[in-house]
>>> print(open('final.cif').read())   # mmCIF, C-alpha atoms
data_entry
#
loop_
_atom_site.label_atom_id
_atom_site.label_comp_id
_atom_site.auth_asym_id
_atom_site.auth_seq_id
_atom_site.Cartn_x
_atom_site.Cartn_y
_atom_site.Cartn_z
CA MET A 1040 1.55 -14.18 1.49
CA THR A 1041 0.84 -13.08 -2.05
CA SER A 1042 -0.16 -15.78 -4.49
CA ALA A 1043 0.73 -15.93 -8.16
CA VAL A 1044 0.41 -17.91 -11.36
CA SER A 1045 2.98 -18.65 -14.02
CA ALA A 1046 3.45 -16.43 -17.03
CA SER A 1047 2.06 -19.20 -19.23
CA VAL A 1048 -1.46 -18.35 -18.17
CA ALA A 1049 -1.04 -14.60 -18.43
CA ARG A 1050 -2.90 -14.22 -21.71
CA THR A 1051 -6.60 -14.17 -22.32
CA ALA A 1052 -8.09 -17.16 -24.09
CA ASP A 1053 -8.70 -15.27 -27.34
CA GLY A 1054 -5.25 -13.67 -27.52
CA SER A 1055 -6.67 -10.20 -26.84
CA ALA A 1056 -4.29 -7.28 -26.32
CA LEU A 1057 -5.64 -7.19 -22.78
CA GLN A 1058 -3.31 -9.37 -20.71
CA ALA A 1059 -4.68 -8.93 -17.18
CA VAL A 1060 -7.26 -7.10 -15.10
CA LEU A 1061 -6.14 -5.67 -11.76
CA LEU A 1062 -8.86 -4.70 -9.30
CA ASP A 1063 -8.85 -2.60 -6.15
CA MET A 1064 -10.91 -3.97 -3.27
CA ASP A 1065 -12.39 -1.45 -0.78
CA GLY A 1066 -14.92 0.82 -2.45
CA THR A 1067 -14.34 -0.83 -5.83
CA LEU A 1068 -15.48 -4.43 -5.42
CA VAL A 1069 -16.84 -4.28 -1.89
CA ASP A 1070 -18.83 -1.50 -0.24
CA THR A 1071 -16.46 -1.00 2.71
CA GLU A 1072 -15.09 2.55 2.46
CA GLY A 1073 -17.78 3.66 4.93
CA PHE A 1074 -16.82 0.76 7.20
CA TRP A 1075 -13.25 2.03 7.40
CA TRP A 1076 -14.35 5.55 8.30
CA ASP A 1077 -16.76 4.26 10.94
CA ALA A 1078 -13.99 2.09 12.38
CA GLU A 1079 -11.67 5.12 12.51
CA VAL A 1080 -14.36 7.20 14.22
CA ASP A 1081 -14.90 4.44 16.80
CA ALA A 1082 -11.18 3.88 17.40
CA PHE A 1083 -10.44 7.55 18.01
CA ALA A 1084 -13.60 8.02 20.09
CA GLU A 1085 -12.30 5.28 22.36
CA LEU A 1086 -9.27 7.52 22.94
CA GLY A 1087 -11.46 10.56 23.58
CA HIS A 1088 -11.17 12.22 20.19
CA ARG A 1089 -13.81 13.22 17.67
CA LEU A 1090 -13.00 13.07 13.95
CA ASP A 1091 -14.05 15.93 11.70
CA GLU A 1092 -16.20 14.72 8.79
CA SER A 1093 -14.10 16.85 6.42
CA TRP A 1094 -11.11 14.58 7.11
CA ARG A 1095 -12.87 11.67 5.46
CA ASP A 1096 -11.90 12.72 1.94
CA ILE A 1097 -8.29 13.19 3.06
CA VAL A 1098 -7.81 9.67 4.41
CA VAL A 1099 -9.91 7.64 1.95
CA GLY A 1100 -8.06 5.23 -0.28
CA GLY A 1101 -4.63 5.81 1.18
CA PRO A 1102 -2.23 3.46 2.93
CA MET A 1103 -3.02 2.97 6.60
CA SER A 1104 0.25 4.59 7.65
CA ARG A 1105 -0.64 7.81 5.86
CA SER A 1106 -4.30 7.89 6.89
CA LEU A 1107 -3.67 7.11 10.55
CA GLY A 1108 -0.62 9.34 10.65
CA PHE A 1109 -2.77 12.25 9.55
CA LEU A 1110 -5.55 11.46 12.03
CA ILE A 1111 -3.15 11.01 14.95
CA GLU A 1112 -1.51 14.35 14.20
CA ALA A 1113 -4.83 16.12 13.60
CA THR A 1114 -6.37 14.89 16.86
CA GLY A 1115 -3.22 14.89 18.97
CA ALA A 1116 -4.06 11.35 20.12
CA ASP A 1117 -1.48 9.86 22.47
CA ILE A 1118 -0.95 6.60 20.60
CA SER A 1119 1.67 5.20 18.24
CA LEU A 1120 0.96 4.40 14.61
CA ALA A 1121 1.55 0.70 15.25
CA GLU A 1122 -0.84 0.64 18.20
CA MET A 1123 -3.53 2.50 16.28
CA SER A 1124 -3.13 0.15 13.31
CA VAL A 1125 -3.92 -2.82 15.54
CA LEU A 1126 -6.89 -1.01 17.10
CA LEU A 1127 -8.29 0.05 13.72
CA ASN A 1128 -7.96 -3.41 12.17
CA GLU A 1129 -9.78 -4.90 15.15
CA ARG A 1130 -12.63 -2.39 14.82
CA PHE A 1131 -12.85 -2.92 11.06
CA GLU A 1132 -12.80 -6.71 11.28
CA ALA A 1133 -15.63 -6.58 13.81
CA ARG A 1134 -17.70 -4.71 11.21
CA ILE A 1135 -17.04 -7.29 8.48
CA ALA A 1136 -17.60 -10.35 10.64
CA GLU A 1137 -20.50 -11.29 8.38
CA ARG A 1138 -20.54 -11.27 4.58
CA VAL A 1139 -19.39 -7.99 3.07
CA PRO A 1140 -21.74 -6.21 0.63
CA LEU A 1141 -20.46 -6.21 -2.94
CA MET A 1142 -20.62 -3.09 -5.08
CA PRO A 1143 -23.29 -3.11 -7.83
CA GLY A 1144 -21.91 -4.94 -10.85
CA ALA A 1145 -19.02 -6.63 -8.99
CA GLU A 1146 -20.47 -10.14 -9.04
CA ARG A 1147 -21.30 -9.93 -12.75
CA LEU A 1148 -17.88 -8.54 -13.69
CA LEU A 1149 -15.93 -11.14 -11.71
CA THR A 1150 -18.05 -13.92 -13.18
CA GLU A 1151 -17.45 -12.67 -16.71
CA LEU A 1152 -13.68 -12.38 -16.22
CA ALA A 1153 -13.54 -15.92 -14.82
CA ARG A 1154 -15.69 -17.31 -17.63
CA HIS A 1155 -13.28 -15.89 -20.23
CA ASN A 1156 -10.16 -16.99 -18.31
CA VAL A 1157 -8.86 -13.44 -17.95
CA PRO A 1158 -5.96 -13.35 -15.44
CA THR A 1159 -7.33 -11.25 -12.59
CA ALA A 1160 -5.58 -9.84 -9.52
CA LEU A 1161 -6.84 -8.15 -6.39
CA VAL A 1162 -4.52 -5.25 -5.51
CA SER A 1163 -5.33 -3.56 -2.20
CA ALA A 1164 -3.74 -1.25 0.35
CA SER A 1165 -5.53 -3.23 3.07
CA HIS A 1166 -3.57 -5.69 5.20
CA ARG A 1167 -3.48 -9.41 4.43
CA ARG A 1168 -5.64 -10.34 7.41
CA VAL A 1169 -8.39 -8.05 6.13
CA ILE A 1170 -8.09 -9.19 2.51
CA ASP A 1171 -8.34 -12.86 3.45
CA ARG A 1172 -11.53 -12.21 5.38
CA ILE A 1173 -13.14 -10.22 2.55
CA LEU A 1174 -12.10 -12.86 0.01
CA LEU A 1175 -14.64 -15.14 1.65
CA SER A 1176 -17.32 -12.84 0.20
CA LEU A 1177 -15.61 -12.24 -3.16
CA GLY A 1178 -14.49 -15.81 -3.82
CA PRO A 1179 -10.73 -16.41 -3.62
CA GLU A 1180 -10.87 -18.75 -6.62
CA ARG A 1181 -11.66 -15.77 -8.86
CA PHE A 1182 -8.20 -14.27 -8.41
CA ALA A 1183 -4.93 -15.61 -9.78
CA LEU A 1184 -3.11 -13.23 -7.44
CA THR A 1185 -3.84 -11.06 -4.40
CA VAL A 1186 -1.55 -8.27 -3.23
CA ALA A 1187 -1.87 -6.75 0.27
CA GLY A 1188 -0.62 -3.37 1.42
CA ASP A 1189 1.55 -4.90 4.14
CA GLU A 1190 3.31 -7.22 1.68
CA VAL A 1191 5.00 -4.61 -0.51
CA ALA A 1192 7.75 -2.17 0.45
CA ARG A 1193 5.68 0.80 -0.77
CA THR A 1194 1.93 0.63 -1.20
CA LYS A 1195 -0.43 3.01 -3.02
CA PRO A 1196 -0.01 5.79 -4.19
CA HIS A 1197 3.33 4.29 -5.22
CA PRO A 1198 3.21 2.08 -8.33
CA ASP A 1199 4.87 -0.91 -6.63
CA PRO A 1200 1.71 -3.00 -5.98
CA TYR A 1201 0.58 -2.75 -9.59
CA LEU A 1202 4.05 -3.33 -11.01
CA PHE A 1203 4.36 -6.43 -8.82
CA ALA A 1204 0.94 -7.71 -9.88
CA ALA A 1205 1.67 -7.25 -13.60
CA GLN A 1206 5.09 -8.90 -13.32
CA SER A 1207 3.71 -11.83 -11.32
CA LEU A 1208 1.07 -12.46 -13.99
CA GLY A 1209 3.61 -12.20 -16.80
CA ALA A 1210 1.81 -9.16 -18.19
CA HIS A 1211 3.12 -5.79 -19.35
CA PRO A 1212 1.65 -2.92 -17.29
CA SER A 1213 0.45 -1.14 -20.44
CA ARG A 1214 -1.59 -4.26 -21.28
CA CYS A 1215 -3.26 -4.32 -17.87
CA ALA A 1216 -6.63 -2.71 -17.17
CA VAL A 1217 -7.01 -1.40 -13.62
CA VAL A 1218 -10.27 -0.53 -11.87
CA GLU A 1219 -9.92 1.87 -8.93
CA ASP A 1220 -12.25 4.06 -6.84
CA THR A 1221 -9.90 6.62 -5.25
CA ALA A 1222 -7.44 9.23 -6.46
CA THR A 1223 -4.70 7.46 -4.49
CA GLY A 1224 -5.30 4.17 -6.26
CA VAL A 1225 -5.60 5.82 -9.66
CA ALA A 1226 -2.27 7.57 -9.08
CA ALA A 1227 -0.61 4.25 -8.24
CA ALA A 1228 -1.97 2.47 -11.32
CA GLU A 1229 -1.15 5.32 -13.68
CA ALA A 1230 2.38 5.60 -12.27
CA ALA A 1231 2.79 1.90 -13.03
CA GLY A 1232 1.81 2.54 -16.66
CA CYS A 1233 -1.50 0.67 -16.52
CA ARG A 1234 -4.73 1.65 -18.30
CA VAL A 1235 -7.08 2.94 -15.63
CA VAL A 1236 -10.83 3.19 -15.31
CA ALA A 1237 -11.95 5.08 -12.23
CA VAL A 1238 -15.23 4.42 -10.44
CA PRO A 1239 -15.30 7.15 -7.75
CA SER A 1240 -16.77 6.05 -4.42
CA VAL A 1241 -16.21 8.61 -1.66
CA GLY A 1242 -13.73 11.20 -2.95
CA ARG A 1243 -13.64 13.06 -6.25
CA ILE A 1244 -11.46 11.88 -9.14
CA ASP A 1245 -10.68 14.56 -11.69
CA PRO A 1246 -10.58 13.90 -15.43
CA ALA A 1247 -7.12 13.56 -16.98
CA PRO A 1248 -5.68 12.55 -20.35
CA GLY A 1249 -5.84 8.78 -20.79
CA ARG A 1250 -8.06 8.33 -17.73
CA THR A 1251 -11.56 6.87 -18.06
CA ILE A 1252 -14.17 7.67 -15.42
CA VAL A 1253 -17.50 5.86 -15.08
CA GLY A 1254 -20.28 5.96 -12.53
CA SER A 1255 -20.49 2.30 -11.56
CA LEU A 1256 -19.11 -1.17 -12.18
CA GLU A 1257 -22.38 -1.69 -14.01
CA ASP A 1258 -20.78 0.36 -16.80
CA ILE A 1259 -17.83 -2.03 -17.10
CA ASP A 1260 -17.64 -5.38 -18.87
CA LEU A 1261 -14.88 -7.34 -20.58
CA SER A 1262 -15.46 -5.64 -23.92
CA PHE A 1263 -15.12 -2.25 -22.21
CA LEU A 1264 -11.84 -3.27 -20.54
CA ARG A 1265 -10.43 -4.58 -23.80
CA SER A 1266 -11.28 -1.27 -25.45
CA LEU A 1267 -9.09 0.57 -22.92
CA ILE A 1268 -6.06 -1.23 -24.29
CA THR A 1269 -7.13 -0.93 -27.93
CA ARG A 1270 -7.69 2.84 -27.68
CA MET A 1271 -4.19 3.39 -26.28
CA ASN A 1272 -2.40 1.49 -29.03
#
>>> encode(input="final.cif", output="structure tokens")
Amino acid sequence: MTSAVSASVARTADGSALQAVLLDMDGTLVDTEGFWWDAEVDAFAELGHRLDESWRDIVVGGPMSRSLGFLIEATGADISLAEMSVLLNERFEARIAERVPLMPGAERLLTELARHNVPTALVSASHRRVIDRILLSLGPERFALTVAGDEVARTKPHPDPYLFAAQSLGAHPSRCAVVEDTATGVAAAEAAGCRVVAVPSVGRIDPAPGRTIVGSLEDIDLSFLRSLITRMN
């Protein structure tokens, strides 16, 4: 289940215009995008199919239904989407049985947000069972809210997960800073009306008006996130 806090805590300690920070998980906070691809390669190989490396950019960052739907159609694999979802999650969870590697700058950023009492949410297209396992590496206490892809009617690239996160934290989407690593996630956050900083991991993210692109989480701190809101107002 998702977890939330009351609107009374949905303001930063210093009354900043920034009301909440919403963070993607795979490829943004944890270095797992390659894990997902490897799990997909393994799962389809088990069925006798070889994935083309060029498909990697197509499936990265998207909801599992879209990614697996594409791969099933592209390979002609004789398996249902539901069956493949179970198989893929099993393969992925086997790869993250130990601690998951954090992206450079993730530990510092999460520590800073917690130190300044900034309401922070984890917003992922991954399923709850995967999120709960990865939270053991990230620290569940660092998040006032976590949103899983299988807990919303429409996940990324739809805006629903980010709209839900903002509403649950008592924040206005335009006062939320989002950090994402894929075009799919960026599209979801921008459609929700949030201020987005993109940190591309696997696929390319093109520049666009109002969109900030940086090379690493090392380039992001609380002052930087606050400036996203200030510049847009």
>>> residues_around(input="final.cif", residues="Met1103 of chain A", least_positions_apart="2", cutoff="8 Å", atoms="only C-alpha atoms", output="NGL selection string")
:A and (1101 or 1105-1108 or 1124 or 1164-1165)
>>> closest_residue(input="final.cif", among="A:Tyr1201, A:Phe1182, A:Phe1263, A:Phe1083", to="Met1123 of chain A", atoms="only C-alpha atoms")
A:Phe1083
>>> atom_distance(input="final.cif", atom1="atom CA of Asp1199 of chain A", atom2="atom CA of Thr1185 of chain A")
13.6 Å
>>> residues_around(input="final.cif", residues="Glu1122 of chain A", least_positions_apart="5", cutoff="12 Å", atoms="all atoms listed in the file", output="list in words")
Ala1082, Phe1083, Leu1086, Ser1104, Leu1107, Gly1108, Ile1111, Ala1116, Asp1117, Leu1127, Asn1128 and Glu1129 of chain A
>>> residues_around(input="final.cif", residues="Arg1095 of chain A", least_positions_apart="6", cutoff="9 Å", atoms="all atoms listed in the file", output="JSON, numbers by chain")
{"A": [1076, 1241, 1242]}
>>> residues_near_point(input="final.cif", point="(0.2, 1.5, -3.4)", cutoff="8 Å", atoms="all atoms listed in the file", output="list in words")
Gly1101, Pro1102, Ser1163, Ala1164, Gly1188, Arg1193, Thr1194, Lys1195, Pro1196, His1197, Pro1198, Asp1199, Pro1200, Tyr1201, Thr1223, Gly1224 and Ala1227 of chain A
>>> decode(input="final.cif", residues="segment 1141-1190 of chain A", atoms="C-alpha atoms", output="PDB file, in the first residue's frame")
ATOM      1  CA  LEU A1141      22.921   3.837  -5.241  1.00  0.00           C
ATOM      2  CA  MET A1142      23.528   6.377  -7.982  1.00  0.00           C
ATOM      3  CA  PRO A1143      26.348   8.879  -7.313  1.00  0.00           C
ATOM      4  CA  GLY A1144      24.978  11.707  -5.187  1.00  0.00           C
ATOM      5  CA  ALA A1145      21.834   9.855  -4.059  1.00  0.00           C
ATOM      6  CA  GLU A1146      22.926   9.297  -0.463  1.00  0.00           C
ATOM      7  CA  ARG A1147      24.003  12.926  -0.045  1.00  0.00           C
ATOM      8  CA  LEU A1148      20.797  14.313  -1.586  1.00  0.00           C
ATOM      9  CA  LEU A1149      18.482  12.135   0.508  1.00  0.00           C
ATOM     10  CA  THR A1150      20.404  13.033   3.654  1.00  0.00           C
ATOM     11  CA  GLU A1151      20.153  16.745   2.894  1.00  0.00           C
ATOM     12  CA  LEU A1152      16.404  16.586   2.200  1.00  0.00           C
ATOM     13  CA  ALA A1153      15.828  14.717   5.473  1.00  0.00           C
ATOM     14  CA  ARG A1154      18.002  17.132   7.443  1.00  0.00           C
ATOM     15  CA  HIS A1155      15.906  20.076   6.215  1.00  0.00           C
ATOM     16  CA  ASN A1156      12.586  18.266   6.739  1.00  0.00           C
ATOM     17  CA  VAL A1157      11.623  18.505   3.073  1.00  0.00           C
ATOM     18  CA  PRO A1158       8.597  16.264   2.357  1.00  0.00           C
ATOM     19  CA  THR A1159       9.985  13.639  -0.019  1.00  0.00           C
ATOM     20  CA  ALA A1160       8.198  10.949  -2.013  1.00  0.00           C
ATOM     21  CA  LEU A1161       9.425   7.998  -4.027  1.00  0.00           C
ATOM     22  CA  VAL A1162       7.349   7.714  -7.225  1.00  0.00           C
ATOM     23  CA  SER A1163       8.118   4.629  -9.302  1.00  0.00           C
ATOM     24  CA  ALA A1164       6.605   2.550 -12.093  1.00  0.00           C
ATOM     25  CA  SER A1165       8.020  -0.548 -10.394  1.00  0.00           C
ATOM     26  CA  HIS A1166       5.695  -2.842  -8.458  1.00  0.00           C
ATOM     27  CA  ARG A1167       5.291  -2.605  -4.689  1.00  0.00           C
ATOM     28  CA  ARG A1168       7.159  -5.846  -4.022  1.00  0.00           C
ATOM     29  CA  VAL A1169      10.193  -4.464  -5.843  1.00  0.00           C
ATOM     30  CA  ILE A1170      10.011  -1.026  -4.207  1.00  0.00           C
ATOM     31  CA  ASP A1171       9.828  -2.495  -0.713  1.00  0.00           C
ATOM     32  CA  ARG A1172      12.945  -4.547  -1.347  1.00  0.00           C
ATOM     33  CA  ILE A1173      14.914  -1.596  -2.749  1.00  0.00           C
ATOM     34  CA  LEU A1174      13.782   0.620   0.138  1.00  0.00           C
ATOM     35  CA  LEU A1175      15.975  -1.521   2.363  1.00  0.00           C
ATOM     36  CA  SER A1176      18.951   0.038   0.547  1.00  0.00           C
ATOM     37  CA  LEU A1177      17.528   3.566   0.301  1.00  0.00           C
ATOM     38  CA  GLY A1178      16.101   3.796   3.820  1.00  0.00           C
ATOM     39  CA  PRO A1179      12.294   3.804   4.045  1.00  0.00           C
ATOM     40  CA  GLU A1180      12.386   6.425   6.805  1.00  0.00           C
ATOM     41  CA  ARG A1181      13.607   8.989   4.276  1.00  0.00           C
ATOM     42  CA  PHE A1182      10.294   9.027   2.419  1.00  0.00           C
ATOM     43  CA  ALA A1183       6.993  10.433   3.648  1.00  0.00           C
ATOM     44  CA  LEU A1184       5.280   8.596   0.797  1.00  0.00           C
ATOM     45  CA  THR A1185       6.032   5.851  -1.722  1.00  0.00           C
ATOM     46  CA  VAL A1186       3.956   5.258  -4.843  1.00  0.00           C
ATOM     47  CA  ALA A1187       4.209   2.000  -6.829  1.00  0.00           C
ATOM     48  CA  GLY A1188       3.226   1.438 -10.440  1.00  0.00           C
ATOM     49  CA  ASP A1189       0.754  -1.303  -9.535  1.00  0.00           C
ATOM     50  CA  GLU A1190      -1.064   0.936  -7.040  1.00  0.00           C
TER      51      GLU A1190
END
